[in-house]
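A short write-up of the structure that comes next.
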Amino acid sequence: ILKDNKNLRRIHNDALRGATGPDVLDISSTALESLPSYGLEAVQVLNAMSSYSLKRLPPLDKFSNLLEAVLTYPSHCCAFRNLRTEKQNLLLSIFDNFSKECESTMRKPTNEMLDDSNNTSPWSAEKNTQPFVTDEESPPYSYSTIFDDSEMDSFDFEYDFCQPKVLTCTPEPDAFNPCEDILGYSFLRVLIWFINILAIAGNFTVLLVLLTSHYKLTVPRFLMCNLSFADFCMGLYLLLIASVDAQTSGQYYNHAIDWQTGSGCSTAGFFTVFASELSVYTLTVITVERWHTITYAMQLDRKLRLRHAVPIMLGGWLFSIGIAMLPLFGVSSYMKVSICLPMDIETGLSQAYILLILVLNVVAFIVICACYIKIYIAVQNPELVAANKDTKVAKKMAILIFTDFTCMAPISFFAISAAFKVPLITVSNSKILLVLFYPVNSCANPFLYAIFTKAFRRDFFLLMSKFGCCKSRAELYRMNYFSAYNSNCKNGGTATAPSKASQALLLLSALEK
């Protein structure tokens with residue numbers, strides 16, 4: 001009656017209340033959205049194949065006699081797997097030596113077992129199975145202290161314990177969707193909140209200070225705004241993942257389909273790919289701009305200006321948006337895993353998409369390293385800067401390259417192996433990379449490229465002075481700025497040719513931006 005009924009969307013919650021059956025409930029190929037909460041205790045076989053609208057199951061304790069389930073979504077089988085494990089652990093904890101009882105029962109003759117089954121209680125043979133226990137001695141446990149007589153009568157020792165019924169459920173969860181919550185590990189559930197708050201707060205602060213500053217919008221400031229926005233989006237992705245994980249903790253199997261096939265996962269996936277690619281692109285542009293500023297410091301006609309930076313970054317935005325939208329149109333997919341990353345490599349086009357992203361990220365890292373090496377070689381020249389400043393700049397470059405390498409190297413390595421269908425890490429372990437390595441740049445960039453620089457500290461205290469805070473520090477920065485500006489104007493008016501000292505100052509100022 002119910003099977004293949006495409007118009008069946010709802011069964012009344014009390015439709016099966018008080019019924020003696022059914023033993024088999026077949027709702028396959030229906031549009032049913034939920035099962036009734038009452039009357040499922042007698043169901044032993046549940047067939048819900050091709051019931052794509054059935055995304056949530058009723059409380060699991062309602063399926064007290066279920067032996068076989070054929071479902072549509074693998075995540076639902078996780079619920080029954082966990083339930084079975086809990087029951088087994090409970091029985092093992094109560095009957096600590098029930099395996100010995102089973103051995104004794106299996107050795108009994110068939111007619112003796114039949115005689116025992118006619119006794120008032122199946123536990124009456126307990127003493128016979130323990131021949132070394134005298135009347136004065138008592139067994140280490142008493143079943144009557146655990147169960148009431150009525151409960152004991154309902155048990156069949158030989159079949160309920162010695163030959164336990166095992167619930168079978170199909171389809172089994174696959175490697176991409178294991179039976180676990182979104183984040184899987186408890187320590188990741190705590191750590192991700194700290195990381196996403198740090199990324200959001202740090203990048204929002206940088207954006208606020210740079211956009212409200214009354215100083216001229218220079219190329220480095222413009223690029224830093226783009227970088228902060230990209231890393232801010234990465235923080236939003238982590239916040240979204242952490243929030244959904246907190247809401248579905250312990251019952252993700254009932255929310256997996258709605259989350260992974262819904263707009264939430266698609267939005268999270270778009271945010272992370274867009275943010276990741278825009279951040280890598282902007283980091284590359286910032287590094288190339290620093291190298292260009294140093295290399296052509298005295299050639300004003302070759303200086304990178306805002307009118308050049310805007311179309312460059314516009315191209316980066318279009319590229320990042322385009323690459324993030326492709327999974328929404330069937331090139332790979334954000335629905336494959338619970339963390340909403342494009343891990344679908346079933347088709348050649350999807351595989352090429354993943355490899356393209358990874359290769360571009362590796363090329364960007366090589367360009368960043370090459371530019372910083374050239375900058376370091378220029379800084380190392382003793383004619384340009386003093387030794388202590390040479391060491392300071394070198395350390396700063398090393399930190400910048402190290403954070404980029406920490407973020408890109410492990411993810412690229414494991415992702416490339418997975419793209420060639422030779423995965424070296426499970427989805428569960430990849431979540432550790434997602435939290436510990438993937439957002440490293442998003443947390444470190446606002447500090448390394450903005451907050452730790454003198455220019456940002458000046459803008460920050462000037463902004464705070466508008467609200468009546470840190471007025472003395474703001475005045476000090478204001479005086480130092482105008483003193484440096486007047487000094488540069490005087491030197492610029494009297495200089496006849498660019499000197500090595502002026503090149504050194506320009507070089508160091510480029511690294512401080």
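Ligands are numbered from 1 in the order shown, residues from 1 within each chain, and chains are lettered A, B, ... in the order they appear in the structure tokens.
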Would you please give, as a PyMOL selection string, all residues of region 253-482 of chain A that DSSP assigns to alpha helix (DSSP H) based on the backbone? chain A and resi 256-261+263-295+306-325+348-379+387-419+427-436+440-446+454-465+471-482
Residues within 7 Å of Lys6 (chain A), only C-alpha atoms, excluding chain neighbours under 5 positions, as a VMD selection string: chain A and resid 29 to 31
Could you take the residues named above and write them with C-alpha atoms, as a compact mmCIF listing (two decimals), in the first residue's frame?
```txt
# COMPACT_ATOMS: atom_id res chain seq x y z
CA SER A 29 10.13 5.18 -3.41
CA THR A 30 7.74 7.48 -1.55
CA ALA A 31 7.81 11.21 -0.83
```
Tell me which of A:Leu448, A:Ile354, A:Val288, A:Ile425 sits closest to Phe402 (chain A), counting only C-alpha atoms.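 Looking only at the distances to Phe402 (chain A), the closest residue turns out to be A:Leu448.
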Which residue, A:Leu198, A:Leu60, A:Leu328, A:Ile451, has the smallest gap to Ser263 (chain A) when you use only C-alpha atoms? A:Leu328
Please provide as a PyMOL selection string all residues within 10 Å of Gly21 (chain A), with the sequence filter that same-chain residues fewer than 6 positions apart are discarded (counting only C-alpha atoms). chain A and resi 39-44
Contact residues around Asp26 (chain A) with only C-alpha atoms at 12 Å, ignoring same-chain residues under 6 positions, as a list in words: Ile1, Leu2, Lys3, Asp4, Asn5, Leu32, Leu35, Val43, Gln44, Val45, Leu46, Asn47, Ala48, Met49, Ser50, Ser51, Glu68, Ala69, Val70 and Leu71 of chain A
Report, in Å with one decimal, the straight-line distance from CA of Met335 (chain A) to CA of Leu318 (chain A).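 Atom-to-atom, CA of Met335 (chain A) to CA of Leu318 (chain A), that is 23.5 Å.
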Could you check which of A:Ser338, A:Thr212, A:Asn177, A:Ser266 is closest to Ala242 (chain A), using only C-alpha atoms?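 Distance minimum relative to Ala242 (chain A) lands on A:Ser338.
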Surrounding residues of Arg81 (chain A) excluding itself and chain neighbours under 3 positions, 12 Å, only C-alpha atoms, as a ChimeraX atom specification: /A:60,67-69,74-78,84-88,166-173,178-180,253
